[in-house]
$ cat target-v7.cif   # mmCIF, C-alpha atoms
data_my_file
#
loop_
_atom_site.group_PDB
_atom_site.id
_atom_site.type_symbol
_atom_site.label_atom_id
_atom_site.label_comp_id
_atom_site.auth_asym_id
_atom_site.auth_seq_id
_atom_site.Cartn_x
_atom_site.Cartn_y
_atom_site.Cartn_z
ATOM 1 C CA MET C 1 109.564 66.582 34.539
ATOM 2 C CA THR C 2 108.334 69.756 32.861
ATOM 3 C CA GLN C 3 105.218 71.614 33.732
ATOM 4 C CA THR C 4 103.391 74.101 31.548
ATOM 5 C CA ILE C 5 102.576 77.258 33.401
ATOM 6 C CA ALA C 6 99.647 79.148 31.931
ATOM 7 C CA GLN C 7 98.539 82.629 32.763
ATOM 8 C CA SER C 8 94.857 81.879 32.862
ATOM 9 C CA GLY C 9 92.759 84.971 33.137
ATOM 10 C CA ALA C 10 95.673 87.366 32.658
ATOM 11 C CA ALA C 11 93.469 89.745 30.657
ATOM 12 C CA THR C 12 90.923 89.856 33.481
ATOM 13 C CA GLN C 13 93.524 91.583 35.689
ATOM 14 C CA PHE C 14 93.009 94.771 33.697
ATOM 15 C CA PRO C 15 89.985 97.020 34.187
ATOM 16 C CA SER C 16 87.340 96.945 31.495
ATOM 17 C CA VAL C 17 84.372 98.906 30.249
ATOM 18 C CA GLY C 18 82.127 96.623 28.227
ATOM 19 C CA ARG C 19 84.365 94.880 25.674
ATOM 20 C CA TRP C 20 87.113 97.474 26.143
ATOM 21 C CA THR C 21 90.089 96.339 28.206
ATOM 22 C CA VAL C 22 92.382 99.033 29.606
ATOM 23 C CA THR C 23 96.045 97.933 29.627
ATOM 24 C CA ALA C 24 97.851 101.293 29.913
ATOM 25 C CA MET C 25 97.386 104.114 32.378
ATOM 26 C CA PRO C 26 99.237 107.382 31.816
ATOM 27 C CA SER C 27 100.838 109.039 34.820
ATOM 28 C CA GLY C 28 98.738 111.829 36.288
ATOM 29 C CA TRP C 29 95.417 110.206 35.363
ATOM 30 C CA ILE C 30 92.935 108.122 37.353
ATOM 31 C CA TYR C 31 90.765 105.230 36.176
ATOM 32 C CA ILE C 32 87.020 105.817 36.643
ATOM 33 C CA ALA C 33 84.984 102.580 36.715
ATOM 34 C CA ASP C 34 82.472 102.183 33.882
ATOM 35 C CA PHE C 35 83.762 105.367 32.215
ATOM 36 C CA GLY C 36 87.460 105.548 31.320
ATOM 37 C CA ILE C 37 90.110 107.920 32.698
ATOM 38 C CA ARG C 38 90.293 111.488 33.988
ATOM 39 C CA GLN C 39 93.269 113.745 34.402
ATOM 40 C CA ILE C 40 94.234 114.519 37.990
ATOM 41 C CA LYS C 41 94.365 118.297 38.386
ATOM 42 C CA ILE C 42 95.860 120.052 41.383
ATOM 43 C CA ASP C 43 94.386 123.414 40.370
ATOM 44 C CA THR C 44 90.681 123.024 41.086
ATOM 45 C CA ARG C 45 89.864 126.015 38.851
ATOM 46 C CA SER C 46 91.148 124.165 35.769
ATOM 47 C CA VAL C 47 88.996 121.711 33.820
ATOM 48 C CA PRO C 48 90.548 118.215 33.778
ATOM 49 C CA ALA C 49 90.738 116.315 30.509
ATOM 50 C CA SER C 50 88.999 112.952 30.244
ATOM 51 C CA VAL C 51 88.888 109.948 27.958
ATOM 52 C CA GLY C 52 85.579 108.115 28.023
ATOM 53 C CA ILE C 53 85.129 104.700 26.475
ATOM 54 C CA GLY C 54 81.744 103.293 25.602
ATOM 55 C CA GLN C 55 80.056 100.840 23.319
ATOM 56 C CA ASP C 56 76.909 100.256 21.337
ATOM 57 C CA THR C 57 75.504 97.702 18.908
ATOM 58 C CA LEU C 58 74.852 98.379 15.241
ATOM 59 C CA PRO C 59 71.735 96.996 13.535
ATOM 60 C CA SER C 60 73.943 95.903 10.599
ATOM 61 C CA GLU C 61 77.560 96.210 9.502
ATOM 62 C CA THR C 62 76.469 98.667 6.820
ATOM 63 C CA GLY C 63 74.983 101.001 9.459
ATOM 64 C CA PHE C 64 78.351 102.326 10.671
ATOM 65 C CA ALA C 65 78.408 105.579 8.635
ATOM 66 C CA GLU C 66 74.747 106.259 9.405
ATOM 67 C CA TYR C 67 75.415 105.768 13.142
ATOM 68 C CA ILE C 68 78.220 108.352 13.079
ATOM 69 C CA GLU C 69 76.066 110.856 11.178
ATOM 70 C CA LYS C 70 73.278 110.455 13.751
ATOM 71 C CA GLN C 71 75.790 110.987 16.569
ATOM 72 C CA MET C 72 77.056 114.177 14.922
ATOM 73 C CA LYS C 73 73.473 115.504 14.694
ATOM 74 C CA LEU C 74 72.822 114.534 18.318
ATOM 75 C CA ILE C 75 76.021 116.220 19.517
ATOM 76 C CA GLY C 76 75.295 119.288 17.402
ATOM 77 C CA GLY C 77 71.853 119.597 18.964
ATOM 78 C CA HIS C 78 73.319 119.829 22.486
ATOM 79 C CA LEU C 79 76.139 122.312 21.877
ATOM 80 C CA VAL C 80 76.109 125.979 20.923
ATOM 81 C CA GLU C 81 77.690 126.550 17.494
ATOM 82 C CA PRO C 82 79.760 123.350 17.302
ATOM 83 C CA LYS C 83 82.324 122.968 14.532
ATOM 84 C CA PHE C 84 82.909 119.461 13.167
ATOM 85 C CA ALA C 85 85.817 117.925 11.282
ATOM 86 C CA GLY C 86 85.469 114.443 9.826
ATOM 87 C CA PRO C 87 84.572 111.728 9.832
ATOM 88 C CA GLN C 88 87.847 110.490 8.483
ATOM 89 C CA PRO C 89 89.096 106.893 8.315
ATOM 90 C CA THR C 90 91.599 105.805 10.941
ATOM 91 C CA VAL C 91 93.096 102.491 12.059
ATOM 92 C CA PHE C 92 92.498 100.585 15.284
ATOM 93 C CA PRO C 93 94.008 97.118 15.935
ATOM 94 C CA GLY C 94 91.397 94.354 15.876
ATOM 95 C CA ALA C 95 88.719 96.536 14.272
ATOM 96 C CA ASP C 96 86.981 95.992 10.952
ATOM 97 C CA GLU C 97 86.924 99.761 10.462
ATOM 98 C CA ALA C 98 87.334 102.972 12.423
ATOM 99 C CA GLN C 99 86.414 106.637 11.937
ATOM 100 C CA LEU C 100 87.523 109.802 13.715
ATOM 101 C CA ILE C 101 85.611 113.049 14.218
ATOM 102 C CA PHE C 102 86.538 116.275 16.000
ATOM 103 C CA VAL C 103 84.104 118.679 17.613
ATOM 104 C CA ARG C 104 85.007 122.173 18.832
ATOM 105 C CA HIS C 105 82.696 124.423 20.795
ATOM 106 C CA ASN C 106 82.902 127.312 23.207
ATOM 107 C CA ALA C 107 81.891 127.152 26.814
ATOM 108 C CA ASP C 108 81.779 130.732 28.047
ATOM 109 C CA SER C 109 82.993 129.870 31.534
ATOM 110 C CA VAL C 110 86.112 127.881 30.482
ATOM 111 C CA GLY C 111 86.967 128.528 26.822
ATOM 112 C CA THR C 112 87.115 126.342 23.727
ATOM 113 C CA ILE C 113 86.520 122.641 24.322
ATOM 114 C CA LEU C 114 87.681 119.952 21.928
ATOM 115 C CA HIS C 115 86.223 116.461 21.650
ATOM 116 C CA ALA C 116 88.028 113.838 19.578
ATOM 117 C CA GLN C 117 85.802 110.811 19.014
ATOM 118 C CA THR C 118 87.018 107.555 17.541
ATOM 119 C CA TYR C 119 84.336 105.092 16.454
ATOM 120 C CA VAL C 120 85.589 101.508 16.158
ATOM 121 C CA ARG C 121 83.541 98.726 14.526
ATOM 122 C CA SER C 122 84.147 95.018 15.070
ATOM 123 C CA GLY C 123 81.275 93.078 13.514
ATOM 124 C CA LEU C 124 78.115 94.617 14.952
ATOM 125 C CA TRP C 125 79.927 95.863 18.059
ATOM 126 C CA LEU C 126 80.754 99.556 18.124
ATOM 127 C CA GLY C 127 83.333 101.033 20.486
ATOM 128 C CA ILE C 128 83.572 104.750 21.128
ATOM 129 C CA ILE C 129 86.613 106.582 22.523
ATOM 130 C CA THR C 130 86.065 110.251 23.435
ATOM 131 C CA LEU C 131 88.816 112.654 24.453
ATOM 132 C CA THR C 132 87.463 115.857 26.021
ATOM 133 C CA THR C 133 89.885 118.676 26.794
ATOM 134 C CA LEU C 134 90.291 122.403 26.675
ATOM 135 C CA GLU C 135 91.755 123.192 23.269
ATOM 136 C CA GLU C 136 94.645 125.081 24.896
ATOM 137 C CA HIS C 137 95.683 121.876 26.745
ATOM 138 C CA LEU C 138 95.580 119.546 23.730
ATOM 139 C CA ARG C 139 99.367 119.550 23.162
ATOM 140 C CA THR C 140 100.070 118.503 26.749
ATOM 141 C CA VAL C 141 97.209 115.975 26.942
ATOM 142 C CA ARG C 142 97.783 114.324 23.540
ATOM 143 C CA PRO C 143 100.797 112.123 24.530
ATOM 144 C CA ASP C 144 98.856 110.708 27.507
ATOM 145 C CA TYR C 145 95.802 110.129 25.319
ATOM 146 C CA ASP C 146 97.953 108.271 22.780
ATOM 147 C CA VAL C 147 99.396 106.014 25.525
ATOM 148 C CA PHE C 148 95.907 105.191 26.799
ATOM 149 C CA VAL C 149 94.430 104.492 23.357
ATOM 150 C CA LYS C 150 97.406 102.316 22.311
ATOM 151 C CA GLY C 151 96.756 100.277 25.447
ATOM 152 C CA LEU C 152 93.063 99.715 24.714
ATOM 153 C CA ARG C 153 92.088 96.214 23.594
ATOM 154 C CA ILE C 154 88.827 94.898 22.224
ATOM 155 C CA ARG C 155 87.902 91.718 24.078
ATOM 156 C CA GLN C 156 86.647 89.036 21.754
ATOM 157 C CA LEU C 157 83.142 87.735 22.194
ATOM 158 C CA GLN C 158 83.156 84.351 23.787
ATOM 159 C CA THR C 159 80.818 81.936 22.051
ATOM 160 C CA ALA C 160 78.975 79.265 24.019
ATOM 161 C CA GLU C 161 81.196 76.574 22.431
ATOM 162 C CA SER C 162 84.484 78.288 23.326
ATOM 163 C CA ALA C 163 83.210 78.996 26.867
ATOM 164 C CA THR C 164 82.434 75.283 27.291
ATOM 165 C CA GLN C 165 85.887 74.326 25.991
ATOM 166 C CA SER C 166 87.558 76.812 28.356
ATOM 167 C CA ALA C 167 85.583 75.495 31.326
ATOM 168 C CA THR C 168 86.502 71.898 30.386
ATOM 169 C CA MET C 169 90.198 72.803 30.072
ATOM 170 C CA ASN C 170 90.156 74.549 33.464
ATOM 171 C CA THR C 171 88.427 71.554 35.090
ATOM 172 C CA ASN C 172 91.006 69.191 33.569
ATOM 173 C CA ARG C 173 93.874 71.339 34.879
ATOM 174 C CA GLU C 174 92.414 71.471 38.373
ATOM 175 C CA GLY C 175 91.843 67.737 38.466
ATOM 176 C CA ALA C 176 95.404 66.886 37.321
#
$ encode --input "target-v7.cif" --output "structure tokens"
Amino acid sequence: MTQTIAQSGAATQFPSVGRWTVTAMPSGWIYIADFGIRQIKIDTRSVPASVGIGQDTLPSETGFAEYIEKQMKLIGGHLVEPKFAGPQPTVFPGADEAQLIFVRHNADSVGTILHAQTYVRSGLWLGIITLTTLEEHLRTVRPDYDVFVKGLRIRQLQTAESATQSATMNTNREGA
């Protein structure tokens, strides 16, 4: 007799922020619920790097570029003399399209800060990944950032029909 062993709910074992699922955690970083990750720093005088993940909803699929432009204006309005690079197209698995922007600005107390923001569109869903680090630490932080981003997954929306089918399948398994 053979029995099929399924890993039901395997994806739910990973932490998530909205539709983002975190499947990789670089060493030396800590997961922060409803935010993303932050670098663990022993030297309390140093500014830890962070990677925030968020989401939003677009009014239409054609509103992606306009959304990014509005974000750049919003960011620019809160920082002193920011310098922008991008947006430039990038690739993210499972996304319809993705764009990357960089923002540099000076914070007198700590130095030059760099923000790398990746905007990921899947239908009307918009995911945002933001690396924030001191520019001088970018080379050391970048490999950890890459590990984290490669481990991010976009959870698919579950329609009412597929949710009903899943519930029926689970009930049938339990009753067998």
$ closest_residue --input "target-v7.cif" --among "C:Gln117, C:Thr140, C:Ser109, C:Thr62" --to "C:Ala85" --atoms "all atoms listed in the file"
C:Gln117
$ resolve_selection --input "target-v7.cif" --expression "the PyMOL selection byres ((chain C and resi 39-41) around 7)" --output "PyMOL selection string"
chain C and resi 28-30+37-38+42-44+48-50
$ atom_distance --input "target-v7.cif" --atom1 "atom CA of C:Phe102" --atom2 "atom CA of C:Asp144"
17.8 Å
$ closest_residue --input "target-v7.cif" --among "C:Ala95, C:Val141, C:Val120, C:Leu114" --to "C:Ile68" --atoms "only C-alpha atoms"
C:Val120
$ closest_residue --input "target-v7.cif" --among "C:Ile128, C:Glu135, C:Arg104, C:Gln71" --to "C:Lys83" --atoms "all atoms listed in the file"
C:Arg104
$ closest_residue --input "target-v7.cif" --among "C:Leu134, C:His115, C:Leu124, C:Pro15" --to "C:Arg153" --atoms "only C-alpha atoms"
C:Pro15
$ closest_residue --input "target-v7.cif" --among "C:Arg19, C:Gly63, C:Phe14, C:Thr90" --to "C:Tyr31" --atoms "all atoms listed in the file"
C:Phe14
$ residues_around --input "target-v7.cif" --residues "C:Arg155" --least-positions-apart "6" --cutoff "9 Å" --atoms "all atoms listed in the file" --output "PyMOL selection string"
chain C and resi 11+18-21
$ atom_distance --input "target-v7.cif" --atom1 "atom CA of C:Phe84" --atom2 "atom CA of C:Asp34"
27.0 Å
$ decode --input "target-v7.cif" --residues "stretch 67-133 of chain C" --atoms "C-alpha atoms" --output "PDB file, in the first residue's frame"
ATOM      1  CA  TYR C  67       3.117  55.405  -8.945  1.00  0.00           C
ATOM      2  CA  ILE C  68       6.929  55.309  -8.975  1.00  0.00           C
ATOM      3  CA  GLU C  69       7.157  58.952 -10.071  1.00  0.00           C
ATOM      4  CA  LYS C  70       4.841  59.984  -7.220  1.00  0.00           C
ATOM      5  CA  GLN C  71       6.973  58.001  -4.759  1.00  0.00           C
ATOM      6  CA  MET C  72      10.127  59.736  -5.998  1.00  0.00           C
ATOM      7  CA  LYS C  73       8.485  63.151  -5.456  1.00  0.00           C
ATOM      8  CA  LEU C  74       7.290  62.091  -1.999  1.00  0.00           C
ATOM      9  CA  ILE C  75      10.742  60.814  -1.016  1.00  0.00           C
ATOM     10  CA  GLY C  76      12.389  63.927  -2.435  1.00  0.00           C
ATOM     11  CA  GLY C  77      10.114  66.128  -0.348  1.00  0.00           C
ATOM     12  CA  HIS C  78      11.275  64.488   2.903  1.00  0.00           C
ATOM     13  CA  LEU C  79      15.037  64.435   2.321  1.00  0.00           C
ATOM     14  CA  VAL C  80      17.584  67.225   2.032  1.00  0.00           C
ATOM     15  CA  GLU C  81      19.165  67.329  -1.443  1.00  0.00           C
ATOM     16  CA  PRO C  82      18.423  63.737  -2.492  1.00  0.00           C
ATOM     17  CA  LYS C  83      20.035  62.357  -5.637  1.00  0.00           C
ATOM     18  CA  PHE C  84      18.031  59.830  -7.662  1.00  0.00           C
ATOM     19  CA  ALA C  85      19.074  57.211 -10.197  1.00  0.00           C
ATOM     20  CA  GLY C  86      16.419  55.357 -12.166  1.00  0.00           C
ATOM     21  CA  PRO C  87      13.884  54.076 -12.498  1.00  0.00           C
ATOM     22  CA  GLN C  88      15.390  51.293 -14.513  1.00  0.00           C
ATOM     23  CA  PRO C  89      13.782  47.977 -15.487  1.00  0.00           C
ATOM     24  CA  THR C  90      14.782  44.917 -13.493  1.00  0.00           C
ATOM     25  CA  VAL C  91      13.530  41.336 -13.202  1.00  0.00           C
ATOM     26  CA  PHE C  92      11.728  39.680 -10.304  1.00  0.00           C
ATOM     27  CA  PRO C  93      10.385  36.091 -10.497  1.00  0.00           C
ATOM     28  CA  GLY C  94       6.588  35.957 -10.644  1.00  0.00           C
ATOM     29  CA  ALA C  95       6.210  39.665 -11.428  1.00  0.00           C
ATOM     30  CA  ASP C  96       4.632  41.228 -14.496  1.00  0.00           C
ATOM     31  CA  GLU C  97       7.224  44.002 -14.311  1.00  0.00           C
ATOM     32  CA  ALA C  98       9.728  45.510 -11.906  1.00  0.00           C
ATOM     33  CA  GLN C  99      11.628  48.798 -11.606  1.00  0.00           C
ATOM     34  CA  LEU C 100      14.602  49.841  -9.492  1.00  0.00           C
ATOM     35  CA  ILE C 101      15.486  53.288  -8.153  1.00  0.00           C
ATOM     36  CA  PHE C 102      18.373  54.496  -5.997  1.00  0.00           C
ATOM     37  CA  VAL C 103      18.279  57.457  -3.648  1.00  0.00           C
ATOM     38  CA  ARG C 104      21.344  58.997  -1.990  1.00  0.00           C
ATOM     39  CA  HIS C 105      21.226  61.688   0.657  1.00  0.00           C
ATOM     40  CA  ASN C 106      23.352  63.008   3.474  1.00  0.00           C
ATOM     41  CA  ALA C 107      22.464  62.762   7.109  1.00  0.00           C
ATOM     42  CA  ASP C 108      24.860  65.049   8.948  1.00  0.00           C
ATOM     43  CA  SER C 109      25.080  62.827  12.011  1.00  0.00           C
ATOM     44  CA  VAL C 110      25.945  59.559  10.177  1.00  0.00           C
ATOM     45  CA  GLY C 111      27.063  60.262   6.599  1.00  0.00           C
ATOM     46  CA  THR C 112      25.690  59.347   3.185  1.00  0.00           C
ATOM     47  CA  ILE C 113      22.676  57.039   3.211  1.00  0.00           C
ATOM     48  CA  LEU C 114      21.670  54.924   0.241  1.00  0.00           C
ATOM     49  CA  HIS C 115      18.196  53.550  -0.418  1.00  0.00           C
ATOM     50  CA  ALA C 116      17.693  50.969  -3.159  1.00  0.00           C
ATOM     51  CA  GLN C 117      13.996  50.505  -3.901  1.00  0.00           C
ATOM     52  CA  THR C 118      12.620  47.747  -6.082  1.00  0.00           C
ATOM     53  CA  TYR C 119       8.997  48.107  -7.167  1.00  0.00           C
ATOM     54  CA  VAL C 120       7.403  44.827  -8.263  1.00  0.00           C
ATOM     55  CA  ARG C 121       4.018  44.657 -10.029  1.00  0.00           C
ATOM     56  CA  SER C 122       1.862  41.539 -10.233  1.00  0.00           C
ATOM     57  CA  GLY C 123      -1.527  42.499 -11.657  1.00  0.00           C
ATOM     58  CA  LEU C 124      -2.742  45.393  -9.519  1.00  0.00           C
ATOM     59  CA  TRP C 125      -0.619  44.318  -6.548  1.00  0.00           C
ATOM     60  CA  LEU C 126       2.547  46.310  -5.968  1.00  0.00           C
ATOM     61  CA  GLY C 127       5.391  45.044  -3.797  1.00  0.00           C
ATOM     62  CA  ILE C 128       8.143  47.322  -2.562  1.00  0.00           C
ATOM     63  CA  ILE C 129      11.581  46.209  -1.340  1.00  0.00           C
ATOM     64  CA  THR C 130      13.731  48.927   0.266  1.00  0.00           C
ATOM     65  CA  LEU C 131      17.363  48.495   1.264  1.00  0.00           C
ATOM     66  CA  THR C 132      18.602  51.287   3.548  1.00  0.00           C
ATOM     67  CA  THR C 133      22.292  51.425   4.428  1.00  0.00           C
TER      68      THR C 133
END
